[in-house]
$ cat structure-v2.cif   # mmCIF, C-alpha atoms
data_coords
#
loop_
_atom_site.label_atom_id
_atom_site.label_comp_id
_atom_site.auth_asym_id
_atom_site.auth_seq_id
_atom_site.Cartn_x
_atom_site.Cartn_y
_atom_site.Cartn_z
CA MET A 1480 -11.40 -22.65 2.99
CA LEU A 1481 -13.40 -20.49 5.36
CA LYS A 1482 -14.26 -21.99 8.74
CA ILE A 1483 -16.93 -20.06 10.62
CA GLY A 1484 -19.15 -20.72 13.61
CA GLU A 1485 -22.88 -21.08 13.10
CA THR A 1486 -23.51 -18.00 15.28
CA GLU A 1487 -21.25 -15.76 13.17
CA PHE A 1488 -22.56 -17.24 9.91
CA ASP A 1489 -26.16 -16.56 10.94
CA GLU A 1490 -25.19 -13.05 12.07
CA ILE A 1491 -23.78 -12.21 8.63
CA ARG A 1492 -27.01 -13.35 6.99
CA ARG A 1493 -29.17 -11.50 9.51
CA HIS A 1494 -27.18 -8.30 8.88
CA GLY A 1495 -28.04 -8.53 5.18
CA GLU A 1496 -31.72 -8.89 6.00
CA GLU A 1497 -31.65 -5.93 8.38
CA THR A 1498 -30.10 -3.52 5.88
CA TYR A 1499 -32.21 -4.74 2.91
CA PRO A 1500 -32.74 -3.24 0.33
CA HIS A 1501 -29.29 -1.80 0.97
CA GLU A 1502 -26.02 -3.71 1.03
CA CYS A 1503 -24.55 -4.59 4.41
CA CYS A 1504 -20.85 -5.01 5.06
CA GLY A 1505 -18.49 -6.11 7.78
CA VAL A 1506 -15.20 -7.67 8.76
CA LEU A 1507 -14.28 -11.26 9.58
CA LEU A 1508 -11.73 -11.62 12.37
CA GLY A 1509 -9.82 -14.73 13.29
CA GLN A 1510 -6.71 -16.64 12.36
CA MET A 1511 -5.00 -17.65 9.13
CA GLU A 1512 -4.03 -21.31 9.44
CA GLY A 1513 -2.37 -22.24 6.16
CA ASP A 1514 -5.13 -22.19 3.54
CA VAL A 1515 -7.84 -22.10 6.18
CA ARG A 1516 -9.25 -18.85 7.48
CA SER A 1517 -10.88 -19.50 10.85
CA VAL A 1518 -13.37 -16.85 11.90
CA THR A 1519 -13.65 -16.25 15.64
CA SER A 1520 -15.76 -13.08 15.49
CA ILE A 1521 -17.33 -10.66 13.07
CA THR A 1522 -17.71 -6.89 13.23
CA ARG A 1523 -20.53 -5.04 11.53
CA CYS A 1524 -19.55 -1.91 9.60
CA GLY A 1525 -21.53 0.96 8.18
CA ASN A 1526 -21.89 1.25 4.40
CA THR A 1527 -20.41 4.62 3.43
CA ARG A 1528 -21.78 4.42 -0.14
CA THR A 1529 -24.89 6.41 0.71
CA ASP A 1530 -25.08 7.54 -2.94
CA SER A 1531 -25.94 4.01 -4.13
CA PRO A 1532 -26.33 1.68 -1.11
CA GLN A 1533 -28.62 -0.75 -2.95
CA ASN A 1534 -25.74 -2.01 -5.13
CA ARG A 1535 -22.50 -0.61 -3.69
CA TYR A 1536 -20.68 -0.82 -0.38
CA GLN A 1537 -17.60 0.69 1.11
CA ILE A 1538 -16.12 0.42 4.58
CA ASP A 1539 -14.63 3.56 6.12
CA PRO A 1540 -10.86 2.91 6.38
CA ARG A 1541 -10.88 4.64 9.76
CA GLU A 1542 -13.23 1.90 10.97
CA LEU A 1543 -10.85 -0.71 9.56
CA VAL A 1544 -7.91 0.83 11.40
CA ARG A 1545 -9.86 0.59 14.66
CA ILE A 1546 -11.04 -2.98 13.97
CA GLN A 1547 -7.52 -4.05 13.01
CA ARG A 1548 -6.12 -2.55 16.23
CA GLU A 1549 -8.80 -3.94 18.53
CA GLY A 1550 -8.60 -7.33 16.84
CA ARG A 1551 -4.88 -7.52 17.30
CA GLU A 1552 -5.21 -6.62 20.98
CA GLY A 1553 -7.49 -9.63 21.31
CA GLY A 1554 -5.25 -11.93 19.26
CA GLU A 1555 -7.38 -11.74 16.10
CA ASP A 1556 -6.42 -10.67 12.60
CA ILE A 1557 -8.58 -9.53 9.71
CA VAL A 1558 -9.13 -12.68 7.64
CA GLY A 1559 -11.92 -11.47 5.37
CA PHE A 1560 -14.96 -9.34 4.71
CA TYR A 1561 -18.62 -9.83 3.98
CA HIS A 1562 -21.32 -7.95 2.14
CA SER A 1563 -24.77 -8.59 0.72
CA HIS A 1564 -26.27 -8.46 -2.77
CA PRO A 1565 -29.90 -7.35 -2.41
CA ASP A 1566 -32.06 -9.11 -5.03
CA HIS A 1567 -28.94 -10.20 -6.88
CA PRO A 1568 -27.03 -13.52 -6.99
CA ALA A 1569 -24.37 -14.38 -4.41
CA ARG A 1570 -21.64 -14.23 -7.04
CA TRP A 1571 -18.82 -11.72 -7.23
CA SER A 1572 -19.22 -8.89 -9.71
CA GLN A 1573 -16.60 -7.05 -11.76
CA THR A 1574 -16.90 -4.23 -9.22
CA ASP A 1575 -16.20 -6.69 -6.39
CA LEU A 1576 -13.08 -7.92 -8.17
CA ALA A 1577 -11.83 -4.47 -9.14
CA GLU A 1578 -12.21 -3.22 -5.57
CA ALA A 1579 -10.71 -6.32 -3.89
CA HIS A 1580 -7.17 -5.78 -2.61
CA TRP A 1581 -6.80 -8.05 0.43
CA PHE A 1582 -4.99 -11.04 -1.11
CA GLY A 1583 -5.37 -14.31 0.74
CA CYS A 1584 -8.51 -13.07 2.49
CA SER A 1585 -12.11 -14.27 2.13
CA TYR A 1586 -14.86 -12.22 0.52
CA VAL A 1587 -18.25 -13.54 1.64
CA ILE A 1588 -21.36 -12.58 -0.34
CA THR A 1589 -24.96 -13.26 0.70
CA SER A 1590 -27.82 -12.82 -1.71
CA VAL A 1591 -30.88 -11.31 -0.04
CA GLU A 1592 -34.09 -11.96 -1.95
CA LYS A 1593 -37.08 -9.79 -1.05
CA GLY A 1594 -35.59 -9.20 2.39
CA LYS A 1595 -34.74 -12.82 3.14
CA ALA A 1596 -31.14 -14.11 3.16
CA ALA A 1597 -30.83 -16.77 0.46
CA ILE A 1598 -27.42 -18.10 -0.59
CA THR A 1599 -24.10 -17.33 1.05
CA ASN A 1600 -20.89 -17.97 -0.90
CA SER A 1601 -17.26 -17.23 -0.16
CA PHE A 1602 -14.41 -16.34 -2.48
CA GLU A 1603 -10.71 -16.12 -1.78
CA LEU A 1604 -8.78 -13.29 -3.42
CA THR A 1605 -5.93 -15.16 -5.10
CA GLY A 1606 -3.00 -13.99 -7.20
CA SER A 1607 0.10 -11.99 -6.44
CA ASP A 1608 -0.83 -8.50 -7.58
CA GLU A 1609 -3.50 -6.34 -9.22
CA GLY A 1610 -2.67 -7.77 -12.65
CA ASP A 1611 -3.42 -11.42 -11.98
CA LYS A 1612 -5.93 -11.33 -9.14
CA LYS A 1613 -8.97 -13.61 -9.08
CA LEU A 1614 -11.86 -14.26 -6.73
CA ALA A 1615 -11.80 -18.04 -6.43
CA ASP A 1616 -14.68 -20.12 -5.09
CA GLU A 1617 -13.93 -21.48 -1.65
CA LYS A 1618 -15.70 -23.90 0.66
CA ILE A 1619 -17.44 -22.59 3.75
CA GLU A 1620 -17.38 -24.94 6.73
CA VAL A 1621 -20.02 -23.86 9.21
CA VAL A 1622 -19.13 -25.15 12.66
CA GLN A 1623 -22.19 -26.10 14.69
CA VAL A 1624 -22.57 -24.62 18.15
CA GLU A 1625 -22.21 -27.29 20.82
CA THR A 1626 -25.20 -27.53 23.14
CA MET B 740 10.80 4.11 16.76
CA THR B 741 7.54 4.58 14.85
CA LYS B 742 5.41 1.46 14.52
CA ILE B 743 3.88 0.50 11.18
CA ASN B 744 0.97 -1.95 11.24
CA ILE B 745 1.08 -4.31 8.28
CA PRO B 746 -2.30 -5.64 7.07
CA THR B 747 -2.67 -9.40 6.75
CA PRO B 748 -2.34 -9.61 2.92
CA LEU B 749 0.98 -7.74 2.91
CA ARG B 750 2.67 -9.60 5.74
CA GLN B 751 3.96 -12.27 3.36
CA TYR B 752 6.12 -9.52 1.84
CA ALA B 753 7.25 -8.23 5.25
CA GLY B 754 8.79 -11.32 6.78
CA LYS B 755 5.32 -12.33 8.08
CA LEU B 756 5.54 -9.55 10.64
CA PRO B 757 2.36 -7.81 11.86
CA THR B 758 4.34 -4.72 12.85
CA VAL B 759 7.56 -3.16 11.60
CA GLU B 760 9.44 -0.43 13.48
CA VAL B 761 11.26 2.35 11.66
CA LYS B 762 13.17 5.50 12.59
CA ALA B 763 11.55 8.37 10.69
CA GLY B 764 10.65 12.04 10.87
CA THR B 765 7.82 11.95 8.32
CA VAL B 766 5.33 9.47 6.91
CA ALA B 767 7.34 9.36 3.65
CA GLU B 768 10.51 8.47 5.55
CA ALA B 769 8.66 5.81 7.52
CA LEU B 770 7.28 4.16 4.38
CA SER B 771 10.67 4.46 2.70
CA GLY B 772 12.27 2.77 5.72
CA LEU B 773 9.65 0.06 5.53
CA VAL B 774 10.29 -0.78 1.86
CA SER B 775 14.06 -0.61 2.45
CA GLN B 776 13.69 -3.32 5.09
CA HIS B 777 11.21 -5.28 2.98
CA PRO B 778 11.74 -4.47 -0.73
CA ASP B 779 9.03 -6.90 -1.90
CA LEU B 780 6.44 -4.55 -0.41
CA ARG B 781 7.28 -1.75 -2.82
CA ARG B 782 5.21 -2.88 -5.81
CA HIS B 783 2.22 -3.50 -3.57
CA LEU B 784 2.31 0.00 -2.09
CA TYR B 785 3.58 2.12 -4.99
CA THR B 786 2.83 2.47 -8.69
CA ASP B 787 5.66 2.21 -11.23
CA ASP B 788 6.06 5.99 -11.11
CA GLY B 789 6.51 5.99 -7.37
CA LYS B 790 3.08 7.17 -6.23
CA LEU B 791 1.18 5.47 -3.43
CA ARG B 792 -1.47 3.24 -4.99
CA SER B 793 -4.91 4.83 -4.86
CA PHE B 794 -6.44 1.99 -2.84
CA VAL B 795 -3.72 2.10 -0.18
CA ASN B 796 -4.88 4.15 2.79
CA VAL B 797 -2.22 5.35 5.20
CA TYR B 798 -3.33 6.37 8.67
CA LEU B 799 -1.26 8.13 11.31
CA ASN B 800 -2.84 6.90 14.54
CA ASP B 801 -6.53 7.51 13.69
CA GLU B 802 -6.10 10.15 10.98
CA ASP B 803 -5.92 9.66 7.21
CA VAL B 804 -2.65 11.31 6.14
CA ARG B 805 -4.42 12.64 3.02
CA TYR B 806 -6.16 15.08 5.38
CA LEU B 807 -2.97 15.98 7.24
CA GLN B 808 0.16 16.91 5.28
CA LYS B 809 0.02 13.71 3.23
CA GLU B 810 3.36 11.93 3.12
CA ALA B 811 5.10 15.03 4.50
CA THR B 812 3.19 14.60 7.77
CA ALA B 813 5.56 14.59 10.74
CA VAL B 814 5.75 11.47 12.89
CA LYS B 815 7.00 10.87 16.42
CA ASP B 816 8.43 7.73 17.99
CA SER B 817 5.19 7.17 19.88
CA ASP B 818 3.09 7.25 16.68
CA THR B 819 1.58 4.28 14.91
CA ILE B 820 1.12 4.19 11.15
CA SER B 821 -1.46 1.80 9.71
CA ILE B 822 -1.52 0.65 6.11
CA VAL B 823 -5.09 -0.26 5.17
CA PRO B 824 -6.06 -1.31 1.64
CA SER B 825 -9.58 -0.15 0.83
CA ILE B 826 -12.66 -2.36 1.08
CA ALA B 827 -15.49 -1.76 -1.37
CA GLY B 828 -17.58 -3.44 -4.04
CA GLY B 829 -21.15 -4.35 -4.85
CA TRP B 830 -23.06 -5.76 -7.77
#

$ encode --input "structure-v2.cif" --output "C-alpha cells"
Amino acid sequence: MLKIGETEFDEIRRHGEETYPHECCGVLLGQMEGDVRSVTSITRCGNTRTDSPQNRYQIDPRELVRIQREGREGGEDIVGFYHSHPDHPARWSQTDLAEAHWFGCSYVITSVEKGKAAITNSFELTGSDEGDKKLADEKIEVVQVET
Amino acid sequence: MTKINIPTPLRQYAGKLPTVEVKAGTVAEALSGLVSQHPDLRRHLYTDDGKLRSFVNVYLNDEDVRYLQKEATAVKDSDTISIVPSIAGGW
C-alpha cells in the first residue's frame, strides 16, 4: 500500500497538469514500513525524453543520485516514482513494465485528460527479478491534512 | 574504504544495508568486493555473461562511470559509488 499526504498527492496531480501535453515525472521519498510505503515528500524531475515527451518519460540518473543522497541525509529513502499519461488511461503500459526495475517500490500513474488530472493509480513492482516482475495494483491511502 | 550506496530495491540482497564499504582501487574492484560480501546481488547487477545490466547505472560521486573509464575508473577511499537502476516508461 502507498500512504501519501493530501498535499503531496495533489502536487503529483498538479505536476501532470502543468506539463500537459507532455508526461511529468518525479520521485517519492519516505519510508518502507513492511508492505506500506509512506511518502513524506516528493521531488519533481525533468523528463529527459525530449524526443517523445507526450508518451515517454525518463529521469536523469544523475538527478536520482542527488535525490537519493539528499533524501538519505534527511532520513528519507526512495520509495517510488510517479509519472503522467496525457490523454491516456492511468494504467501501466508494456513500456512501463519493461522499464521498471525498482522492485518493492511504487509506480504512480495519473491520467491527464485535456489538461486536467483525472485518475491516479499506484502499482507496486513485485517479483524477484526481470523474468517474473509484475506491476501489481496497490491501494493509495491519502492522508488528510489536519487543520 | 570506498562507500557504495545501495538503492532501496537491492538492499534486501545486501543485508538490508543502505551503504556497503569496500577496499578497492577501481570501480570494477569495488563492485566485485560488493558482490563477494553479498553474493545475492550478483544476478541483479550482472547478466549471465558477466556484463553490468544495461539498466544499472553506476555513478562515481556525481559522474556516470560510462563517461569516465567505465569499470576501470580509479576510486579513492573518500569516493562514493552509487548504484542507480534507471527510471523510465510511458504509454

$ interface_residues --input "structure-v2.cif" --of "chain A" --to "chain B" --cutoff "8 Å" --atoms "all atoms listed in the file" --output "ChimeraX atom specification"
/A:1502,1534-1538,1540-1541,1543-1545,1556-1558,1562-1564,1567,1571-1584,1608

$ residues_around --input "structure-v2.cif" --residues "Ala813 (chain B)" --least-positions-apart "3" --cutoff "7 Å" --atoms "all atoms listed in the file" --output "list in words"
Gly764, Thr765 and Val766 of chain B

$ residues_around --input "structure-v2.cif" --residues "region 753-755 of chain B" --least-positions-apart "5" --cutoff "9 Å" --atoms "all atoms listed in the file" --output "JSON, numbers by chain"
{"B": [745, 747, 773, 774, 776, 777, 778, 779, 780]}

$ closest_residue --input "structure-v2.cif" --among "A:Pro1500, A:Gly1554, A:Gly1509, A:Pro1568" --to "Ser1585 (chain A)" --atoms "all atoms listed in the file"
A:Gly1509

$ resolve_selection --input "structure-v2.cif" --expression "the PyMOL selection byres ((chain A and resi 1519) around 7)" --output "PyMOL selection string"
chain A and resi 1508-1509+1517-1518+1520

$ atom_distance --input "structure-v2.cif" --atom1 "CA of Ile1483 (chain A)" --atom2 "CA of Tyr1499 (chain A)"
23.0 Å

$ atom_distance --input "structure-v2.cif" --atom1 "CA of Glu1620 (chain A)" --atom2 "CA of Leu756 (chain B)"
27.9 Å

$ atom_distance --input "structure-v2.cif" --atom1 "CA of Arg792 (chain B)" --atom2 "CA of Val1515 (chain A)"
28.4 Å

$ residues_around --input "structure-v2.cif" --residues "Ser817 (chain B)" --least-positions-apart "6" --cutoff "8 Å" --atoms "all atoms listed in the file" --output "PyMOL selection string"
chain B and resi 740-742

$ closest_residue --input "structure-v2.cif" --among "A:Ile1521, A:Ala1615, A:Glu1542, A:Thr1498" --to "Glu1485 (chain A)" --atoms "only C-alpha atoms"
A:Ile1521

$ build_atoms --input "structure-v2.cif" --residues "region 751-787 of chain B" --atoms "N, CA and C atoms" --output "PDB file, keeping the file's coordinate frame"
ATOM      1  N   GLN B 751       3.101 -11.303   4.051  1.00  0.00           N
ATOM      2  CA  GLN B 751       3.960 -12.270   3.360  1.00  0.00           C
ATOM      3  C   GLN B 751       5.149 -11.574   2.701  1.00  0.00           C
ATOM      4  N   TYR B 752       5.017 -10.278   2.462  1.00  0.00           N
ATOM      5  CA  TYR B 752       6.120  -9.520   1.840  1.00  0.00           C
ATOM      6  C   TYR B 752       6.929  -8.762   2.893  1.00  0.00           C
ATOM      7  N   ALA B 753       6.573  -8.945   4.164  1.00  0.00           N
ATOM      8  CA  ALA B 753       7.250  -8.230   5.250  1.00  0.00           C
ATOM      9  C   ALA B 753       7.733  -9.209   6.320  1.00  0.00           C
ATOM     10  N   GLY B 754       8.253 -10.335   5.847  1.00  0.00           N
ATOM     11  CA  GLY B 754       8.790 -11.320   6.780  1.00  0.00           C
ATOM     12  C   GLY B 754       7.739 -11.878   7.721  1.00  0.00           C
ATOM     13  N   LYS B 755       6.471 -11.844   7.287  1.00  0.00           N
ATOM     14  CA  LYS B 755       5.320 -12.330   8.080  1.00  0.00           C
ATOM     15  C   LYS B 755       5.104 -11.546   9.364  1.00  0.00           C
ATOM     16  N   LEU B 756       5.670 -10.355   9.419  1.00  0.00           N
ATOM     17  CA  LEU B 756       5.540  -9.550  10.640  1.00  0.00           C
ATOM     18  C   LEU B 756       4.244  -8.739  10.635  1.00  0.00           C
ATOM     19  N   PRO B 757       3.549  -8.661  11.775  1.00  0.00           N
ATOM     20  CA  PRO B 757       2.360  -7.810  11.860  1.00  0.00           C
ATOM     21  C   PRO B 757       2.709  -6.334  12.042  1.00  0.00           C
ATOM     22  N   THR B 758       3.905  -6.091  12.570  1.00  0.00           N
ATOM     23  CA  THR B 758       4.340  -4.720  12.850  1.00  0.00           C
ATOM     24  C   THR B 758       5.816  -4.573  12.526  1.00  0.00           C
ATOM     25  N   VAL B 759       6.159  -3.451  11.898  1.00  0.00           N
ATOM     26  CA  VAL B 759       7.560  -3.160  11.600  1.00  0.00           C
ATOM     27  C   VAL B 759       7.881  -1.807  12.251  1.00  0.00           C
ATOM     28  N   GLU B 760       9.046  -1.693  12.858  1.00  0.00           N
ATOM     29  CA  GLU B 760       9.440  -0.430  13.480  1.00  0.00           C
ATOM     30  C   GLU B 760      10.497   0.258  12.633  1.00  0.00           C
ATOM     31  N   VAL B 761      10.311   1.582  12.474  1.00  0.00           N
ATOM     32  CA  VAL B 761      11.260   2.350  11.660  1.00  0.00           C
ATOM     33  C   VAL B 761      11.602   3.652  12.393  1.00  0.00           C
ATOM     34  N   LYS B 762      12.766   4.200  12.071  1.00  0.00           N
ATOM     35  CA  LYS B 762      13.170   5.500  12.590  1.00  0.00           C
ATOM     36  C   LYS B 762      12.851   6.500  11.487  1.00  0.00           C
ATOM     37  N   ALA B 763      11.956   7.450  11.760  1.00  0.00           N
ATOM     38  CA  ALA B 763      11.550   8.370  10.690  1.00  0.00           C
ATOM     39  C   ALA B 763      11.038   9.675  11.271  1.00  0.00           C
ATOM     40  N   GLY B 764      11.158  10.737  10.463  1.00  0.00           N
ATOM     41  CA  GLY B 764      10.650  12.040  10.870  1.00  0.00           C
ATOM     42  C   GLY B 764       9.338  12.391  10.185  1.00  0.00           C
ATOM     43  N   THR B 765       9.069  11.712   9.063  1.00  0.00           N
ATOM     44  CA  THR B 765       7.820  11.950   8.320  1.00  0.00           C
ATOM     45  C   THR B 765       7.228  10.605   7.882  1.00  0.00           C
ATOM     46  N   VAL B 766       5.991  10.671   7.423  1.00  0.00           N
ATOM     47  CA  VAL B 766       5.330   9.470   6.910  1.00  0.00           C
ATOM     48  C   VAL B 766       6.118   8.912   5.721  1.00  0.00           C
ATOM     49  N   ALA B 767       6.574   9.805   4.833  1.00  0.00           N
ATOM     50  CA  ALA B 767       7.340   9.360   3.650  1.00  0.00           C
ATOM     51  C   ALA B 767       8.594   8.617   4.073  1.00  0.00           C
ATOM     52  N   GLU B 768       9.282   9.142   5.078  1.00  0.00           N
ATOM     53  CA  GLU B 768      10.510   8.470   5.550  1.00  0.00           C
ATOM     54  C   GLU B 768      10.177   7.118   6.176  1.00  0.00           C
ATOM     55  N   ALA B 769       9.066   7.071   6.883  1.00  0.00           N
ATOM     56  CA  ALA B 769       8.660   5.810   7.520  1.00  0.00           C
ATOM     57  C   ALA B 769       8.373   4.749   6.464  1.00  0.00           C
ATOM     58  N   LEU B 770       7.619   5.134   5.423  1.00  0.00           N
ATOM     59  CA  LEU B 770       7.280   4.160   4.380  1.00  0.00           C
ATOM     60  C   LEU B 770       8.527   3.759   3.590  1.00  0.00           C
ATOM     61  N   SER B 771       9.424   4.747   3.399  1.00  0.00           N
ATOM     62  CA  SER B 771      10.670   4.460   2.700  1.00  0.00           C
ATOM     63  C   SER B 771      11.510   3.478   3.519  1.00  0.00           C
ATOM     64  N   GLY B 772      11.552   3.693   4.838  1.00  0.00           N
ATOM     65  CA  GLY B 772      12.270   2.770   5.720  1.00  0.00           C
ATOM     66  C   GLY B 772      11.670   1.379   5.670  1.00  0.00           C
ATOM     67  N   LEU B 773      10.351   1.347   5.589  1.00  0.00           N
ATOM     68  CA  LEU B 773       9.650   0.060   5.530  1.00  0.00           C
ATOM     69  C   LEU B 773      10.043  -0.724   4.271  1.00  0.00           C
ATOM     70  N   VAL B 774       9.984  -0.047   3.106  1.00  0.00           N
ATOM     71  CA  VAL B 774      10.290  -0.780   1.860  1.00  0.00           C
ATOM     72  C   VAL B 774      11.792  -1.057   1.725  1.00  0.00           C
ATOM     73  N   SER B 775      12.630  -0.288   2.444  1.00  0.00           N
ATOM     74  CA  SER B 775      14.060  -0.610   2.450  1.00  0.00           C
ATOM     75  C   SER B 775      14.285  -1.921   3.196  1.00  0.00           C
ATOM     76  N   GLN B 776      13.565  -2.075   4.318  1.00  0.00           N
ATOM     77  CA  GLN B 776      13.690  -3.320   5.090  1.00  0.00           C
ATOM     78  C   GLN B 776      13.052  -4.499   4.356  1.00  0.00           C
ATOM     79  N   HIS B 777      11.972  -4.201   3.640  1.00  0.00           N
ATOM     80  CA  HIS B 777      11.210  -5.280   2.980  1.00  0.00           C
ATOM     81  C   HIS B 777      10.896  -4.855   1.537  1.00  0.00           C
ATOM     82  N   PRO B 778      11.885  -4.979   0.645  1.00  0.00           N
ATOM     83  CA  PRO B 778      11.740  -4.470  -0.730  1.00  0.00           C
ATOM     84  C   PRO B 778      10.559  -5.057  -1.506  1.00  0.00           C
ATOM     85  N   ASP B 779      10.147  -6.286  -1.160  1.00  0.00           N
ATOM     86  CA  ASP B 779       9.030  -6.900  -1.900  1.00  0.00           C
ATOM     87  C   ASP B 779       7.717  -6.146  -1.692  1.00  0.00           C
ATOM     88  N   LEU B 780       7.665  -5.321  -0.671  1.00  0.00           N
ATOM     89  CA  LEU B 780       6.440  -4.550  -0.410  1.00  0.00           C
ATOM     90  C   LEU B 780       6.242  -3.422  -1.414  1.00  0.00           C
ATOM     91  N   ARG B 781       7.342  -2.977  -2.012  1.00  0.00           N
ATOM     92  CA  ARG B 781       7.280  -1.750  -2.820  1.00  0.00           C
ATOM     93  C   ARG B 781       6.190  -1.796  -3.885  1.00  0.00           C
ATOM     94  N   ARG B 782       6.161  -2.856  -4.679  1.00  0.00           N
ATOM     95  CA  ARG B 782       5.210  -2.880  -5.810  1.00  0.00           C
ATOM     96  C   ARG B 782       3.759  -2.991  -5.331  1.00  0.00           C
ATOM     97  N   HIS B 783       3.582  -3.412  -4.085  1.00  0.00           N
ATOM     98  CA  HIS B 783       2.220  -3.500  -3.570  1.00  0.00           C
ATOM     99  C   HIS B 783       1.737  -2.166  -2.998  1.00  0.00           C
ATOM    100  N   LEU B 784       2.673  -1.298  -2.670  1.00  0.00           N
ATOM    101  CA  LEU B 784       2.310   0.000  -2.090  1.00  0.00           C
ATOM    102  C   LEU B 784       2.392   1.137  -3.106  1.00  0.00           C
ATOM    103  N   TYR B 785       3.330   1.018  -4.054  1.00  0.00           N
ATOM    104  CA  TYR B 785       3.580   2.120  -4.990  1.00  0.00           C
ATOM    105  C   TYR B 785       3.334   1.708  -6.436  1.00  0.00           C
ATOM    106  N   THR B 786       2.933   2.698  -7.248  1.00  0.00           N
ATOM    107  CA  THR B 786       2.830   2.470  -8.690  1.00  0.00           C
ATOM    108  C   THR B 786       4.244   2.528  -9.290  1.00  0.00           C
ATOM    109  N   ASP B 787       4.341   2.210 -10.575  1.00  0.00           N
ATOM    110  CA  ASP B 787       5.660   2.210 -11.230  1.00  0.00           C
ATOM    111  C   ASP B 787       6.313   3.590 -11.202  1.00  0.00           C
TER     112      ASP B 787
END
